[in-house]
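Chemist: The structure under discussion is supplied below as C-alpha cells; questions concerning it will follow.
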Amino acid sequence: SQSDIKTPDYVIVQIGENMAEKDIEIHERILRSKYIELLNNFANSTCIITLPYWLSSKKNYVFTDIAIATNSYIADLSHLGSDPNSNNASSEKDYNHPGVGVHPGDKGMKRIADVLFSVINTK
C-alpha cells in the first residue's frame, strides 16, 4: 500500500527460501494473512508467486494456497534445487563459504528466469 507504483504490470513474489519448515508451521496463519493482504493491493496487476528453489512440500502447499486465494499464477522453481551439480553456484566456482555455493549460480538463475518467462508468456 506504500508503493510508489500502484499498478505494475507484474508483481513477482519469491518467498520461503530462507525459512525453515518449522517456521512455516509456526507462522503459517500470519504468513498467509500478510501475503494475501499484500497481493490483494495489486488487484489490477498480474501476480506470480514462486515456489521455493529447494523443494519443500509444506512450503509448496502454503504458497499454492496463497496463490489460489489471490488469483495469482504459480512459477514452480522447486525442481531446480534438486540439480545442484548444474544449477548451484558451487557448480561454477569454488566458494569459501559453502552457504554461498548452494544458491543458484548463473545457470540456475537463467533457469529461474526461463520458468518466470514461461508463466508471463502465457498471458
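Residues are referred to by chain and number: the chain letter is A, B, ... according to the order shown in the C-alpha cells, the number counts from 1 in that chain, and ligands are numbered separately from 1 in the order shown.
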Could you give me, as a VMD selection string, each residue of range 19-112 of chain A that DSSP assigns to strand (DSSP E or B) when run on this structure's backbone?
Modeler: chain A and resid 46 to 51 73 to 76 88 104
Chemist: If we count only C-alpha atoms, what is near Leu39 in chain A at a cut-off of 9 Å, once residues fewer than 6 positions away on the same chain are taken out, given as a count of residues only?
Modeler: 5
Chemist: Counting only C-alpha atoms, figure out which residue out of A:Val102, A:Leu51, A:Ala67, A:Leu31 gets nearest to Leu116 in chain A.
Modeler: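 Among the listed residues, the smallest separation from Leu116 in chain A belongs to A:Leu51.
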Chemist: Ranking A:Asp23, A:Asp83, A:Asp76, A:Glu92 by minimum distance to Phe117 in chain A and counting only C-alpha atoms, which one comes first?
Modeler: A:Asp76
Chemist: Can you list, as a list of chain:residue names, every protein, DNA or RNA residue that comes within 9 Å of Asp9 in chain A when you count only C-alpha atoms, leaving out same-chain residues fewer than 3 positions away?
Modeler: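 Once the nearby chain positions are removed, what remains is A:Asn44, A:Ser45, A:Thr46, A:Cys47.
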Chemist: Near Ser33 in chain A, counting only C-alpha atoms, which residues have an atom at most 12 Å away, once you skip same-chain residues fewer than 4 positions from it, shown as an mmCIF file with N, CA, C and O atoms, in the first residue's frame?
Modeler:
```
data_model
loop_
_atom_site.group_PDB
_atom_site.id
_atom_site.type_symbol
_atom_site.label_atom_id
_atom_site.label_comp_id
_atom_site.auth_asym_id
_atom_site.auth_seq_id
_atom_site.Cartn_x
_atom_site.Cartn_y
_atom_site.Cartn_z
ATOM 1 N N HIS A 27 4.347 -19.975 11.922
ATOM 2 C CA HIS A 27 3.845 -18.671 11.491
ATOM 3 C C HIS A 27 2.911 -18.746 10.281
ATOM 4 O O HIS A 27 2.672 -17.744 9.621
ATOM 5 N N GLU A 28 2.386 -19.922 10.004
ATOM 6 C CA GLU A 28 1.599 -20.126 8.781
ATOM 7 C C GLU A 28 0.417 -19.158 8.670
ATOM 8 O O GLU A 28 0.193 -18.561 7.619
ATOM 9 N N ARG A 29 -0.340 -18.992 9.728
ATOM 10 C CA ARG A 29 -1.518 -18.126 9.682
ATOM 11 C C ARG A 29 -1.130 -16.684 9.374
ATOM 12 O O ARG A 29 -1.736 -16.024 8.517
ATOM 13 N N GLU A 37 -2.870 -10.157 1.999
ATOM 14 C CA GLU A 37 -3.108 -8.707 2.098
ATOM 15 C C GLU A 37 -2.223 -7.947 1.109
ATOM 16 O O GLU A 37 -2.696 -7.055 0.400
ATOM 17 N N LEU A 38 -0.941 -8.297 1.042
ATOM 18 C CA LEU A 38 -0.012 -7.639 0.122
ATOM 19 C C LEU A 38 -0.473 -7.796 -1.328
ATOM 20 O O LEU A 38 -0.597 -6.809 -2.057
ATOM 21 N N LEU A 39 -0.749 -9.017 -1.740
ATOM 22 C CA LEU A 39 -1.099 -9.269 -3.139
ATOM 23 C C LEU A 39 -2.455 -8.687 -3.505
ATOM 24 O O LEU A 39 -2.664 -8.287 -4.653
ATOM 25 N N ASN A 40 -3.352 -8.611 -2.567
ATOM 26 C CA ASN A 40 -4.654 -8.001 -2.850
ATOM 27 C C ASN A 40 -4.534 -6.501 -3.117
ATOM 28 O O ASN A 40 -5.440 -5.904 -3.686
ATOM 29 N N VAL A 62 1.477 -24.276 1.270
ATOM 30 C CA VAL A 62 1.066 -22.963 1.796
ATOM 31 C C VAL A 62 1.097 -21.909 0.691
ATOM 32 O O VAL A 62 0.146 -21.136 0.531
ATOM 33 N N PHE A 63 2.158 -21.855 -0.096
ATOM 34 C CA PHE A 63 2.289 -20.820 -1.122
ATOM 35 C C PHE A 63 1.294 -21.039 -2.263
ATOM 36 O O PHE A 63 0.823 -20.081 -2.869
ATOM 37 N N ASP A 65 -1.706 -22.286 -1.773
ATOM 38 C CA ASP A 65 -2.945 -21.760 -1.198
ATOM 39 C C ASP A 65 -3.009 -20.241 -1.280
ATOM 40 O O ASP A 65 -4.065 -19.664 -1.569
ATOM 41 N N ILE A 66 -1.886 -19.575 -1.034
ATOM 42 C CA ILE A 66 -1.839 -18.109 -1.142
ATOM 43 C C ILE A 66 -2.115 -17.696 -2.590
ATOM 44 O O ILE A 66 -2.862 -16.756 -2.846
ATOM 45 N N ALA A 69 -5.809 -18.092 -3.269
ATOM 46 C CA ALA A 69 -6.595 -17.075 -2.561
ATOM 47 C C ALA A 69 -6.490 -15.705 -3.210
ATOM 48 O O ALA A 69 -7.394 -14.875 -3.074
ATOM 49 N N THR A 70 -5.401 -15.451 -3.927
ATOM 50 C CA THR A 70 -5.174 -14.129 -4.529
ATOM 51 C C THR A 70 -5.280 -14.155 -6.052
ATOM 52 O O THR A 70 -4.945 -13.178 -6.713
#
```
